Every structure is written in structure tokens, then in C-alpha cells.
$ cat target26.cif   # mmCIF, C-alpha atoms
data_data
loop_
_atom_site.label_atom_id
_atom_site.label_comp_id
_atom_site.auth_asym_id
_atom_site.auth_seq_id
_atom_site.Cartn_x
_atom_site.Cartn_y
_atom_site.Cartn_z
CA MET F 19 0.13 7.31 -5.42
CA ARG F 20 -0.86 5.92 -2.06
CA THR F 21 -1.64 8.47 0.60
CA LEU F 22 0.94 9.28 3.22
CA ALA F 23 -1.00 7.48 5.91
CA ARG F 24 -1.06 4.26 3.88
CA SER F 25 2.72 4.15 3.70
CA ALA F 26 3.35 4.69 7.40
CA VAL F 27 6.94 4.91 8.61
CA ALA F 28 6.97 1.28 9.67
CA VAL F 29 6.96 -0.07 6.11
CA VAL F 30 10.67 0.57 5.93
CA ALA F 31 11.26 -2.42 8.17
CA ALA F 32 9.21 -5.01 6.30
CA THR F 33 12.19 -7.24 5.59
CA ALA F 34 13.61 -6.61 9.04
CA PHE F 35 10.24 -7.84 10.32
CA ALA F 36 10.78 -11.01 8.35
CA ALA F 37 14.03 -11.54 10.20
CA THR F 38 12.84 -10.61 13.67
CA ALA F 39 9.22 -11.74 13.80
CA ALA F 40 9.72 -15.17 12.29
CA CYS F 41 10.32 -13.65 13.71
CA ALA F 42 -18.85 -0.54 -2.43
CA PRO F 43 -18.77 -3.09 0.74
CA PRO F 44 -21.40 -5.87 0.86
CA GLU F 45 -24.63 -5.56 2.77
CA ASP F 46 -24.01 -5.44 6.50
CA LYS F 47 -25.04 -8.62 8.25
CA ASP F 48 -23.82 -10.75 11.11
CA SER F 49 -21.85 -13.72 9.88
CA GLY F 50 -21.77 -15.42 13.24
CA GLY F 51 -18.08 -15.00 13.84
CA GLY F 52 -16.60 -15.26 10.38
CA ALA F 53 -14.03 -17.97 9.73
CA SER F 54 -14.02 -19.84 13.01
CA GLY F 55 -16.83 -22.25 12.20
CA THR F 56 -15.73 -23.30 8.72
CA ALA F 57 -13.17 -25.76 7.36
CA ALA F 58 -11.72 -23.05 5.17
CA GLY F 59 -11.24 -20.89 8.23
CA THR F 60 -8.70 -23.32 9.66
CA ALA F 61 -7.07 -24.49 6.42
CA ALA F 62 -3.32 -23.88 6.52
CA SER F 63 -2.92 -24.83 2.85
CA ALA F 64 -5.09 -25.73 -0.13
CA ALA F 65 -4.30 -29.38 0.57
CA ASP F 66 -6.23 -29.13 3.84
CA LEU F 67 -9.39 -28.58 1.79
CA GLY F 68 -8.62 -31.27 -0.75
CA GLY F 69 -6.53 -29.23 -3.18
CA LEU F 70 -6.72 -26.01 -5.15
CA ASP F 71 -9.82 -27.03 -7.12
CA ALA F 72 -11.70 -27.64 -3.87
CA LEU F 73 -10.55 -24.27 -2.52
CA ILE F 74 -11.78 -22.57 -5.69
CA ALA F 75 -15.16 -24.27 -5.35
CA GLU F 76 -15.52 -23.13 -1.74
CA ALA F 77 -14.47 -19.58 -2.60
CA LYS F 78 -17.01 -19.42 -5.41
CA LYS F 79 -19.72 -20.51 -2.97
CA GLU F 80 -18.81 -17.58 -0.73
CA GLY F 81 -18.89 -15.35 -3.79
CA GLN F 82 -17.22 -12.31 -2.25
CA LEU F 83 -13.90 -11.04 -0.94
CA ASN F 84 -13.34 -7.97 1.23
CA VAL F 85 -10.08 -6.08 0.71
CA ILE F 86 -9.03 -2.79 2.26
CA ALA F 87 -6.47 -0.04 1.71
CA LEU F 88 -5.63 -1.04 -1.88
CA PRO F 89 -5.48 2.04 -4.15
CA PRO F 90 -6.01 0.96 -7.76
CA ASP F 91 -2.94 2.89 -8.94
CA TRP F 92 -0.67 1.40 -6.26
CA ALA F 93 1.49 -1.45 -7.60
CA ASN F 94 -1.21 -2.26 -10.19
CA TYR F 95 -3.79 -3.27 -7.60
CA GLY F 96 -6.64 -2.05 -9.82
CA GLU F 97 -5.81 -4.62 -12.50
CA ILE F 98 -5.02 -7.31 -9.92
CA ILE F 99 -8.44 -6.94 -8.28
CA LYS F 100 -10.20 -7.00 -11.65
CA ALA F 101 -8.25 -10.05 -12.83
CA PHE F 102 -9.05 -12.03 -9.68
CA GLY F 103 -12.74 -11.19 -9.83
CA THR F 104 -12.98 -12.08 -13.50
CA LYS F 105 -10.99 -15.30 -13.17
CA TYR F 106 -13.08 -16.74 -10.35
CA GLY F 107 -16.39 -14.92 -10.62
CA ILE F 108 -15.95 -13.49 -7.13
CA LYS F 109 -17.06 -9.97 -6.25
CA VAL F 110 -14.22 -8.00 -4.69
CA ASN F 111 -15.39 -5.32 -2.27
CA SER F 112 -12.60 -2.75 -1.97
CA ALA F 113 -13.03 -0.51 1.07
CA GLN F 114 -11.09 2.62 2.06
CA PRO F 115 -8.50 2.43 -0.74
CA ASP F 116 -6.47 5.27 0.77
CA ALA F 117 -6.46 3.95 4.34
CA SER F 118 -3.32 3.24 6.36
CA SER F 119 -1.98 -0.11 7.52
CA GLN F 120 -3.21 0.64 11.05
CA ASP F 121 -6.62 1.54 9.63
CA GLU F 122 -6.82 -2.01 8.26
CA ILE F 123 -6.28 -3.48 11.71
CA ASN F 124 -8.74 -1.03 13.27
CA ALA F 125 -11.38 -1.99 10.71
CA ALA F 126 -10.88 -5.69 11.49
CA ASP F 127 -11.41 -4.97 15.19
CA GLN F 128 -14.42 -2.71 14.68
CA LEU F 129 -16.16 -4.98 12.15
CA LYS F 130 -15.33 -8.33 13.73
CA GLY F 131 -18.21 -10.74 13.28
CA GLN F 132 -19.72 -8.77 10.43
CA ASP F 133 -19.82 -9.80 6.77
CA LYS F 134 -18.07 -6.58 5.72
CA ALA F 135 -14.97 -7.11 7.88
CA PRO F 136 -11.65 -7.32 5.99
CA ASP F 137 -10.77 -10.80 4.78
CA VAL F 138 -7.12 -10.02 4.05
CA PHE F 139 -4.46 -7.48 4.90
CA ASP F 140 -1.71 -5.66 2.97
CA LEU F 141 0.50 -4.14 5.66
CA GLY F 142 3.72 -2.37 6.46
CA GLY F 143 6.16 -4.52 8.39
CA ALA F 144 5.90 -3.00 11.86
CA VAL F 145 2.08 -2.93 11.85
CA ALA F 146 2.10 -6.56 10.74
CA GLY F 147 4.62 -7.47 13.42
CA ALA F 148 2.46 -5.97 16.14
CA ASN F 149 -0.65 -7.88 15.03
CA THR F 150 0.38 -11.44 14.21
CA ALA F 151 -2.22 -12.81 16.64
CA LYS F 152 -4.89 -11.58 14.22
CA PHE F 153 -3.55 -13.63 11.29
CA ALA F 154 -4.57 -17.09 10.10
CA PRO F 155 -1.51 -19.17 9.10
CA TYR F 156 -1.64 -20.20 5.46
CA LYS F 157 1.00 -21.44 3.03
CA VAL F 158 0.32 -20.86 -0.66
CA SER F 159 1.10 -23.48 -3.28
CA THR F 160 4.26 -21.59 -4.33
CA TRP F 161 5.47 -21.31 -0.72
CA ALA F 162 8.78 -23.08 -1.39
CA GLU F 163 9.77 -20.40 -3.95
CA ILE F 164 9.49 -17.53 -1.45
CA PRO F 165 12.81 -16.79 0.30
CA ASP F 166 12.83 -17.95 3.92
CA ASN F 167 13.73 -14.50 5.26
CA LEU F 168 10.66 -13.02 3.57
CA LYS F 169 8.02 -15.19 5.23
CA ASP F 170 6.94 -16.45 8.62
CA ALA F 171 7.82 -20.11 9.11
CA SER F 172 4.24 -20.92 10.16
CA GLY F 173 2.68 -19.02 7.25
CA ALA F 174 1.13 -16.30 9.42
CA TRP F 175 2.45 -13.63 7.06
CA THR F 176 4.42 -13.42 3.84
CA ASN F 177 6.22 -10.56 2.11
CA ASP F 178 4.74 -10.00 -1.32
CA TYR F 179 5.92 -7.02 -3.40
CA GLY F 180 8.33 -4.21 -2.83
CA GLY F 181 10.86 -1.91 -4.35
CA TYR F 182 13.59 0.63 -3.77
CA MET F 183 13.60 4.30 -2.95
CA ALA F 184 14.22 6.30 -6.11
CA ILE F 185 14.32 9.70 -7.75
CA GLY F 186 11.66 10.28 -10.37
CA PHE F 187 12.15 13.22 -12.71
CA ASP F 188 10.68 14.91 -15.76
CA SER F 189 13.46 14.49 -18.31
CA SER F 190 12.03 17.35 -20.37
CA LYS F 191 12.61 19.77 -17.50
CA VAL F 192 15.71 18.60 -15.60
CA PRO F 193 18.85 16.54 -16.31
CA ALA F 194 19.08 13.00 -15.01
CA PRO F 195 20.61 12.96 -11.50
CA ALA F 196 23.51 10.52 -11.20
CA SER F 197 23.56 10.71 -7.41
CA VAL F 198 21.62 12.10 -4.47
CA THR F 199 24.04 15.03 -4.16
CA ASP F 200 23.31 16.07 -7.75
CA LEU F 201 19.99 17.40 -6.48
CA LEU F 202 21.89 20.25 -4.82
CA LYS F 203 22.84 21.67 -8.23
CA PRO F 204 21.24 24.88 -9.57
CA GLU F 205 19.39 22.93 -12.29
CA TYR F 206 17.06 21.57 -9.61
CA LYS F 207 16.18 24.89 -7.95
CA GLY F 208 12.61 24.80 -6.63
CA LYS F 209 12.01 21.38 -8.16
CA VAL F 210 12.71 18.59 -5.63
CA ALA F 211 9.71 17.15 -3.73
CA LEU F 212 9.70 14.48 -1.04
CA ASN F 213 6.62 12.29 -0.70
CA GLY F 214 5.45 13.55 2.68
CA ASP F 215 6.78 14.30 6.14
CA PRO F 216 9.40 11.69 7.12
CA THR F 217 8.21 11.73 10.72
CA GLN F 218 4.89 10.34 9.49
CA ALA F 219 5.25 8.86 6.00
CA GLY F 220 7.18 5.76 5.01
CA ALA F 221 8.20 6.96 1.56
CA ALA F 222 9.57 10.23 2.95
CA PHE F 223 11.28 8.39 5.81
CA SER F 224 13.05 6.10 3.35
CA GLY F 225 13.90 9.12 1.22
CA VAL F 226 15.86 10.56 4.13
CA VAL F 227 17.59 7.19 4.65
CA MET F 228 18.50 7.17 0.94
CA ALA F 229 19.88 10.69 1.26
CA SER F 230 21.92 9.61 4.26
CA LEU F 231 23.46 6.67 2.39
CA GLY F 232 24.24 9.01 -0.50
CA ASN F 233 26.03 11.42 1.83
CA GLY F 234 28.26 9.15 3.87
CA GLY F 235 25.69 8.01 6.42
CA SER F 236 24.29 4.57 7.10
CA ALA F 237 21.22 2.70 8.27
CA ASP F 238 22.44 3.44 11.79
CA ASP F 239 23.10 7.13 11.17
CA ILE F 240 20.58 9.19 9.22
CA ALA F 241 21.95 12.54 10.39
CA PRO F 242 23.70 13.10 7.02
CA GLY F 243 20.32 12.63 5.33
CA VAL F 244 18.68 15.30 7.45
CA GLU F 245 21.65 17.59 6.83
CA PHE F 246 21.28 16.99 3.09
CA PHE F 247 17.69 18.21 3.13
CA LYS F 248 18.76 21.20 5.19
CA LYS F 249 21.23 22.05 2.42
CA LEU F 250 18.59 21.36 -0.23
CA LYS F 251 16.29 23.84 1.49
CA ALA F 252 19.05 26.44 1.85
CA ALA F 253 19.86 26.11 -1.86
CA GLY F 254 16.24 26.78 -2.72
CA ASN F 255 15.91 23.36 -4.34
CA PHE F 256 13.56 21.74 -1.83
CA LEU F 257 9.92 22.07 -2.84
CA PRO F 258 7.57 21.81 0.20
CA VAL F 259 4.74 20.20 -1.77
CA ASP F 260 3.44 16.67 -1.27
CA PRO F 261 3.67 15.15 -4.76
CA THR F 262 0.72 13.42 -6.39
CA PRO F 263 0.07 12.22 -9.95
CA ALA F 264 -1.71 15.54 -10.51
CA THR F 265 1.24 17.68 -9.37
CA ILE F 266 3.57 15.63 -11.55
CA GLU F 267 1.34 15.84 -14.62
CA SER F 268 0.93 19.59 -14.18
CA GLY F 269 4.69 20.09 -13.87
CA GLN F 270 4.45 21.43 -10.32
CA THR F 271 6.75 18.71 -8.94
CA PRO F 272 9.31 17.85 -11.65
CA VAL F 273 11.51 15.81 -9.29
CA VAL F 274 10.02 13.37 -6.77
CA ILE F 275 11.73 11.19 -4.18
CA ASP F 276 9.47 8.14 -3.78
CA TRP F 277 9.37 4.34 -4.24
CA ASP F 278 10.60 3.21 -7.64
CA TYR F 279 7.38 1.39 -8.53
CA LEU F 280 5.32 4.52 -7.92
CA ASN F 281 7.70 6.63 -9.98
CA VAL F 282 7.81 4.03 -12.75
CA ALA F 283 4.00 3.91 -12.89
CA GLN F 284 3.90 7.68 -13.37
CA ALA F 285 5.58 7.31 -16.78
CA LYS F 286 2.30 5.94 -18.16
CA LYS F 287 0.75 9.37 -17.62
CA THR F 288 3.86 11.50 -18.10
CA PRO F 289 5.93 10.04 -20.98
CA ALA F 290 9.02 12.12 -20.15
CA TRP F 291 9.04 10.83 -16.57
CA LYS F 292 12.13 8.75 -15.76
CA THR F 293 13.23 6.89 -12.63
CA VAL F 294 16.68 6.31 -11.18
CA VAL F 295 17.80 4.43 -8.07
CA PRO F 296 20.93 6.29 -6.92
CA ALA F 297 24.06 4.13 -6.90
CA GLY F 298 25.28 3.26 -3.43
CA ALA F 299 22.06 4.54 -1.84
CA VAL F 300 19.70 1.61 -2.36
CA VAL F 301 16.98 1.45 0.31
CA GLY F 302 14.49 -1.38 0.01
CA SER F 303 11.17 -2.45 1.49
CA TYR F 304 8.54 -5.16 1.06
CA TYR F 305 4.90 -5.16 2.05
CA VAL F 306 3.26 -8.02 3.94
CA GLN F 307 0.23 -10.15 3.08
CA ALA F 308 -1.84 -11.88 5.75
CA ILE F 309 -5.27 -13.46 6.14
CA SER F 310 -7.55 -12.32 8.94
CA LYS F 311 -8.31 -15.15 11.34
CA ASP F 312 -11.83 -13.67 11.51
CA ALA F 313 -12.26 -13.44 7.73
CA PRO F 314 -15.98 -13.63 6.85
CA HIS F 315 -14.99 -15.23 3.53
CA PRO F 316 -12.12 -17.54 4.54
CA ALA F 317 -11.97 -19.58 1.33
CA ALA F 318 -11.95 -16.49 -0.87
CA ALA F 319 -9.26 -15.00 1.37
CA ARG F 320 -7.05 -18.04 0.82
CA LEU F 321 -7.76 -18.12 -2.90
CA TRP F 322 -6.76 -14.44 -3.08
CA GLN F 323 -3.40 -15.33 -1.57
CA GLU F 324 -2.98 -18.19 -4.03
CA PHE F 325 -3.66 -15.76 -6.87
CA LEU F 326 -1.26 -13.10 -5.60
CA TYR F 327 1.60 -15.58 -5.30
CA SER F 328 0.88 -17.36 -8.59
CA ASP F 329 2.87 -16.52 -11.71
CA GLU F 330 -0.10 -14.50 -12.95
CA GLY F 331 -0.41 -12.44 -9.78
CA GLN F 332 3.32 -11.87 -9.42
CA ASN F 333 3.59 -10.71 -13.04
CA LEU F 334 0.71 -8.29 -12.48
CA TRP F 335 2.63 -6.68 -9.61
CA LEU F 336 5.65 -6.56 -11.86
CA LYS F 337 3.54 -4.87 -14.53
CA GLY F 338 2.86 -2.15 -11.94
CA GLY F 339 6.59 -1.58 -11.47
CA ALA F 340 6.83 -3.46 -8.17
CA ARG F 341 9.33 -6.23 -7.52
CA PRO F 342 7.46 -9.50 -6.78
CA VAL F 343 8.78 -11.68 -3.98
CA ARG F 344 9.07 -14.75 -6.27
CA ALA F 345 10.97 -12.84 -8.95
CA GLU F 346 14.21 -14.82 -8.64
CA ALA F 347 12.50 -18.23 -8.79
CA MET F 348 10.29 -17.15 -11.68
CA ASP F 349 13.27 -15.77 -13.56
CA LYS F 350 15.04 -19.12 -13.23
CA ALA F 351 11.91 -21.00 -14.31
CA GLY F 352 11.30 -18.69 -17.26
CA THR F 353 7.83 -17.72 -16.03
CA ILE F 354 8.51 -14.08 -15.30
CA ASP F 355 7.66 -11.36 -17.82
CA LYS F 356 11.28 -10.93 -18.89
CA ALA F 357 10.85 -7.68 -20.81
CA THR F 358 9.08 -5.96 -17.91
CA TYR F 359 11.53 -7.41 -15.39
CA ALA F 360 14.48 -6.16 -17.42
CA ALA F 361 12.91 -2.70 -17.64
CA LEU F 362 12.88 -2.16 -13.87
CA PRO F 363 15.21 0.61 -12.67
CA LYS F 364 18.73 -0.75 -12.31
CA THR F 365 20.37 -0.85 -8.91
CA GLU F 366 24.03 -0.59 -8.01
CA GLY F 367 25.23 -1.47 -4.54
CA THR F 368 23.96 -3.65 -1.71
CA PRO F 369 20.32 -2.91 -0.80
CA VAL F 370 19.74 -1.67 2.75
CA PHE F 371 16.78 -2.93 4.75
CA GLN F 372 16.66 -1.28 8.14
CA THR F 373 16.08 -3.36 11.25
CA ASP F 374 13.38 -2.46 13.76
CA ALA F 375 16.03 -1.01 16.07
CA GLN F 376 17.50 1.13 13.29
CA THR F 377 14.06 2.35 12.28
CA THR F 378 13.20 3.32 15.84
CA LYS F 379 16.46 5.18 16.27
CA ALA F 380 16.02 7.00 12.96
CA LYS F 381 12.45 7.94 13.78
CA GLU F 382 13.54 9.43 17.10
CA TYR F 383 16.24 11.47 15.38
CA LEU F 384 13.78 12.75 12.79
CA THR F 385 11.26 13.72 15.45
CA ALA F 386 13.91 15.80 17.17
CA ASN F 387 15.60 17.30 14.12
CA TRP F 388 13.53 17.28 10.93
CA ALA F 389 11.34 20.34 11.47
CA LYS F 390 14.19 22.65 12.39
CA ALA F 391 16.30 21.35 9.51
CA ILE F 392 13.81 22.44 6.87
CA SER F 393 12.29 25.47 8.60
#

$ encode --input "target26.cif" --output "C-alpha cells"
Amino acid sequence: MRTLARSAVAVVAATAFAATAACAPPEDKDSGGGASGTAAGTAASAADLGGLDALIAEAKKEGQLNVIALPPDWANYGEIIKAFGTKYGIKVNSAQPDASSQDEINAADQLKGQDKAPDVFDLGGAVAGANTAKFAPYKVSTWAEIPDNLKDASGAWTNDYGGYMAIGFDSSKVPAPASVTDLLKPEYKGKVALNGDPTQAGAAFSGVVMASLGNGGSADDIAPGVEFFKKLKAAGNFLPVDPTPATIESGQTPVVIDWDYLNVAQAKKTPAWKTVVPAGAVVGSYYVQAISKDAPHPAAARLWQEFLYSDEGQNLWLKGGARPVRAEAMDKAGTIDKATYAALPKTEGTPVFQTDAQTTKAKEYLTANWAKAIS
């Protein structure tokens, strides 16, 4: 699973951002300013370079791509990176796989003008929204199939993959929870872990929002979610351990509140591991892709985006349990991996995507109340 820092609280608002903002590395050397002096560095689409074949040729000349903060076990990024490199013969340099979204931006600032600076970003919504001036507008070939509310009209950023908050559980140790409130039952004593501190970690933050929805609250009122965890602690069911694949495999954390795609992926290592999205408590989030305007390998950066939003790239995210942004269009066209798509955890109820204002309000409430609720 991604580290807590990587899934900073702001990721909750990735779709809200769409509505309001459209609201080992290579040898260190000076590239003379990265993208600014090349045709690829200003290309807003493959057509600007003469088409996809021309873009591929330019990217192969560059020969490298710098990515950052992409854990190989997060949404199948390990396979995605390997597939891209193999397909195009481009070396992918993956730096700081467990870094945070803000770390990505910091690295771009600190390494600007150097050949090892990040070419592309994978960001939580709020971090992306605060840094749009650093992005190079680019529209992939499948642009028309991405919902308008999940992309910037100019192509500066585009939502890519996401999922819903869920409850993962070891079916050999506990019964399947039908609702959030089921976790208060004696069968879950000392077994329920939340992925991090919700005042700092996006997954934990969304877990509290999910708990609120499951206890009569709303995106505007997460107090019932905090009260739920207070009750969970009082019942002896809350386990103050940050879950990881290792704690799940060892049986230390038999119930984990986390993103559905991370819980789904765990089943590959723990066969009895199941995932459920609680009915009526569906909290969603998408991550954001963007190209650095100072990318030292601007053609490779654009080709990477083309790959991610192609049928192949989208199905690779799906294989990792994530929900690709083009899923609906691909389903209609018959290009999605239907068996894998059908196997995603079912959802019941209207998904909730918090706005920036709701996220800020919730964060303030958590800062003031979380610690005393679980102490």
C-alpha cells in the first residue's frame, strides 16, 4: 500500500478539483532548461508533432522517462511502468516511490533544469489544484472519452484512476460486514484498523467520511464519523495499528478501512481477503495526471500520458483494482476487460465526492476532535 504521506488528505477532493479548478534516476546533468526549447515541450496534442507515430519517434530519441511517487503495488503501477518501457524501449526511472504528492512538486522545483527532474506527476486533487502553473497542457488521443468534469478544459490536468473507500476483511477470521455499524459488533473486537491518522492521511480521512455517511452524517457533517470511531475505540474494536500488506498477511490487522483498489489487490497475497463498499456510504476519489512544463523528456512525458489513457493502460489500472477514468466509454465500446470490470466491488447508493470547502471544513473538525475521540 502507498504510504500515508503519498495519500495526503487532499486526494479526497480530486473530483471536486475537476469541478472547481477547470476549474535508479539517470545520471545528473544539466539539460539546459528541459522542455522549453523543444517542439515536444510545447505540443498540446500528438497532432502538434505530426501524429502519434512522430511522438513515439521523438520519445524513443529521448530514451528515458522520469516518474516519481509511484509504488509498484499501488494500482498496478509496477506492471504499468514495465509495460510502457517494454512497448517503447524507453527506460523509466522511478524515483521516491513512497513520496507524497507535495514531494513530487518539491522535487520538480529543486531539480528544475536537471535531467533527473520529474517529467510527469500523479497527484491528489488539492496539490494539483495549487500547482497548475507548473503543468504543460496536453490532450491525449482519447480525450473525448474522458468525462468533462474529470479534466481541465485546456488539458493542464486530467483525472486518471480512482476508487471508493471500502472495508477489507479476512473472511477466515471475521464475518462479512454489511454496513459500517456492523464493525461495532463483538466479532470485530481488536480487529478494525484505519489506514493512518485522518488529520494527515487521505485514506483515513475518507474512512471517517465513510463512517459519517454510514451513521447519518453527510459530506458537510463528519461529526457522526468521529463519534463512530469513538464508539469503536470504547468497544475495544479499534486497532491503533497502521495497516500494511505485512500486517494483513500476518493476521495482525484482519479488518482494514482503505481504498477499494488497495484492498482488492491484497487478495492476491491473502486469498481469504474480501472487500466490501458499504451501502449508502460510498466515498469516491480520483487521482490527477499532469505533465511538468519543465519536463527534461517532454516527448516521453506525452507518450506516457497517451499510454495511460489508451485501452491498454486503462485496463492495466483496472487489473490493479482501480477504476479507470475511461471505464464507461470502454465498456460501451467493448474494449474494457469485462471480467475484471465486473469483479470490482459493487456499490449501492450515490457516490460522494467532497468539494474543497467540505474537505476544509472536515479537516478543521478532525484537527479539533480526532485525538480526543480515540484517546

$ resolve_selection --input "target26.cif" --expression "the PyMOL selection byres ((chain F and resi 255-261) around 12)" --output "MDAnalysis selection string"
chainID F and resid 19:22 186:187 199:216 219 221:222 246:254 262:276 280:281 284 389 391:393

$ closest_residue --input "target26.cif" --among "F:Thr378, F:Thr365, F:Gln120, F:Thr288" --to "Ser190 in chain F" --atoms "only C-alpha atoms"
F:Thr288

$ closest_residue --input "target26.cif" --among "F:Val282, F:Leu141, F:Ala297, F:Ala313" --to "Ala361 in chain F" --atoms "only C-alpha atoms"
F:Val282

$ closest_residue --input "target26.cif" --among "F:Asp127, F:Glu97, F:Asp178, F:Glu245" --to "Pro165 in chain F" --atoms "all atoms listed in the file"
F:Asp178

$ closest_residue --input "target26.cif" --among "F:Val158, F:Ile309, F:Leu334, F:Ala340" --to "Gly59 in chain F" --atoms "only C-alpha atoms"
F:Ile309

$ resolve_selection --input "target26.cif" --expression "the PyMOL selection byres ((chain F and resi 94) around 10)" --output "MDAnalysis selection string"
chainID F and resid 88:93 95:99 279:280 283 334:340

$ closest_residue --input "target26.cif" --among "F:Ala386, F:Ala317, F:Ala75, F:Ala241" --to "Ala58 in chain F" --atoms "all atoms listed in the file"
F:Ala317

$ closest_residue --input "target26.cif" --among "F:Ala151, F:Val226, F:Ile74, F:Ala351" --to "Lys105 in chain F" --atoms "all atoms listed in the file"
F:Ile74

$ resolve_selection --input "target26.cif" --expression "the PyMOL selection byres ((chain F and resi 321) around 9)" --output "list in words"
Ala64, Leu70, Leu73, Ile74, Ala77, Val158, Pro316, Ala317, Ala318, Ala319, Arg320, Trp322, Gln323, Glu324, Phe325 and Leu326 of chain F

$ atom_distance --input "target26.cif" --atom1 "CA of Ala308 in chain F" --atom2 "CA of Leu168 in chain F"
12.7 Å

$ residues_near_point --input "target26.cif" --point "(24.4, 3.2, -5.5)" --cutoff "12 Å" --atoms "only C-alpha atoms" --output "PyMOL selection string"
chain F and resi 182-184+196-199+228-234+294-301+363-370

$ atom_distance --input "target26.cif" --atom1 "CA of Lys169 in chain F" --atom2 "CA of Tyr106 in chain F"
26.3 Å

$ residues_around --input "target26.cif" --residues "Thr60 in chain F" --least-positions-apart "3" --cutoff "12 Å" --atoms "only C-alpha atoms" --output "list in words"
Gly52, Ala53, Ser54, Gly55, Thr56, Ala57, Ser63, Ala64, Ala65, Asp66, Leu67, Phe153, Ala154, Pro155, Tyr156, Lys157, Ile309, Ser310, Lys311, Asp312, Ala313, His315, Pro316, Ala317, Ala319 and Arg320 of chain F

$ atom_distance --input "target26.cif" --atom1 "CA of Lys286 in chain F" --atom2 "CA of Ile354 in chain F"
21.2 Å

$ residues_around --input "target26.cif" --residues "Gln332 in chain F" --least-positions-apart "5" --cutoff "8 Å" --atoms "all atoms listed in the file" --output "PyMOL selection string"
chain F and resi 326-327+342-345

$ build_atoms --input "target26.cif" --residues "range 335-349 of chain F" --atoms "N, CA, C and O atoms" --output "PDB file, in the frame of the given file"
ATOM      1  N   TRP F 335       1.901  -7.636 -10.445  1.00  0.00           N
ATOM      2  CA  TRP F 335       2.630  -6.680  -9.610  1.00  0.00           C
ATOM      3  C   TRP F 335       3.815  -6.107 -10.381  1.00  0.00           C
ATOM      4  O   TRP F 335       4.086  -4.921 -10.347  1.00  0.00           O
ATOM      5  N   LEU F 336       4.502  -6.993 -11.072  1.00  0.00           N
ATOM      6  CA  LEU F 336       5.650  -6.560 -11.860  1.00  0.00           C
ATOM      7  C   LEU F 336       5.219  -5.551 -12.922  1.00  0.00           C
ATOM      8  O   LEU F 336       5.905  -4.545 -13.158  1.00  0.00           O
ATOM      9  N   LYS F 337       4.075  -5.789 -13.525  1.00  0.00           N
ATOM     10  CA  LYS F 337       3.540  -4.870 -14.530  1.00  0.00           C
ATOM     11  C   LYS F 337       3.333  -3.480 -13.940  1.00  0.00           C
ATOM     12  O   LYS F 337       3.440  -2.460 -14.631  1.00  0.00           O
ATOM     13  N   GLY F 338       3.043  -3.425 -12.633  1.00  0.00           N
ATOM     14  CA  GLY F 338       2.860  -2.150 -11.940  1.00  0.00           C
ATOM     15  C   GLY F 338       4.157  -1.520 -11.486  1.00  0.00           C
ATOM     16  O   GLY F 338       4.137  -0.490 -10.806  1.00  0.00           O
ATOM     17  N   GLY F 339       5.287  -2.137 -11.831  1.00  0.00           N
ATOM     18  CA  GLY F 339       6.590  -1.580 -11.470  1.00  0.00           C
ATOM     19  C   GLY F 339       7.129  -2.072 -10.151  1.00  0.00           C
ATOM     20  O   GLY F 339       8.234  -1.701  -9.756  1.00  0.00           O
ATOM     21  N   ALA F 340       6.367  -2.920  -9.445  1.00  0.00           N
ATOM     22  CA  ALA F 340       6.830  -3.460  -8.170  1.00  0.00           C
ATOM     23  C   ALA F 340       7.679  -4.716  -8.410  1.00  0.00           C
ATOM     24  O   ALA F 340       7.580  -5.351  -9.466  1.00  0.00           O
ATOM     25  N   ARG F 341       8.456  -5.058  -7.420  1.00  0.00           N
ATOM     26  CA  ARG F 341       9.330  -6.230  -7.520  1.00  0.00           C
ATOM     27  C   ARG F 341       8.689  -7.383  -6.751  1.00  0.00           C
ATOM     28  O   ARG F 341       8.658  -7.371  -5.517  1.00  0.00           O
ATOM     29  N   PRO F 342       8.157  -8.397  -7.455  1.00  0.00           N
ATOM     30  CA  PRO F 342       7.460  -9.500  -6.780  1.00  0.00           C
ATOM     31  C   PRO F 342       8.419 -10.378  -5.987  1.00  0.00           C
ATOM     32  O   PRO F 342       9.572 -10.570  -6.373  1.00  0.00           O
ATOM     33  N   VAL F 343       7.925 -10.928  -4.887  1.00  0.00           N
ATOM     34  CA  VAL F 343       8.780 -11.680  -3.980  1.00  0.00           C
ATOM     35  C   VAL F 343       9.319 -12.965  -4.609  1.00  0.00           C
ATOM     36  O   VAL F 343      10.387 -13.454  -4.237  1.00  0.00           O
ATOM     37  N   ARG F 344       8.623 -13.526  -5.605  1.00  0.00           N
ATOM     38  CA  ARG F 344       9.070 -14.750  -6.270  1.00  0.00           C
ATOM     39  C   ARG F 344       9.881 -14.463  -7.528  1.00  0.00           C
ATOM     40  O   ARG F 344      10.132 -15.377  -8.328  1.00  0.00           O
ATOM     41  N   ALA F 345      10.309 -13.235  -7.710  1.00  0.00           N
ATOM     42  CA  ALA F 345      10.970 -12.840  -8.950  1.00  0.00           C
ATOM     43  C   ALA F 345      12.156 -13.736  -9.307  1.00  0.00           C
ATOM     44  O   ALA F 345      12.300 -14.173 -10.457  1.00  0.00           O
ATOM     45  N   GLU F 346      13.010 -14.027  -8.348  1.00  0.00           N
ATOM     46  CA  GLU F 346      14.210 -14.820  -8.640  1.00  0.00           C
ATOM     47  C   GLU F 346      13.841 -16.227  -9.113  1.00  0.00           C
ATOM     48  O   GLU F 346      14.379 -16.726 -10.110  1.00  0.00           O
ATOM     49  N   ALA F 347      12.914 -16.872  -8.415  1.00  0.00           N
ATOM     50  CA  ALA F 347      12.500 -18.230  -8.790  1.00  0.00           C
ATOM     51  C   ALA F 347      11.817 -18.229 -10.151  1.00  0.00           C
ATOM     52  O   ALA F 347      12.035 -19.121 -10.976  1.00  0.00           O
ATOM     53  N   MET F 348      10.986 -17.229 -10.385  1.00  0.00           N
ATOM     54  CA  MET F 348      10.290 -17.150 -11.680  1.00  0.00           C
ATOM     55  C   MET F 348      11.252 -16.853 -12.816  1.00  0.00           C
ATOM     56  O   MET F 348      11.091 -17.353 -13.930  1.00  0.00           O
ATOM     57  N   ASP F 349      12.267 -16.064 -12.545  1.00  0.00           N
ATOM     58  CA  ASP F 349      13.270 -15.770 -13.560  1.00  0.00           C
ATOM     59  C   ASP F 349      14.000 -17.050 -13.959  1.00  0.00           C
ATOM     60  O   ASP F 349      14.210 -17.324 -15.152  1.00  0.00           O
TER      61      ASP F 349
END
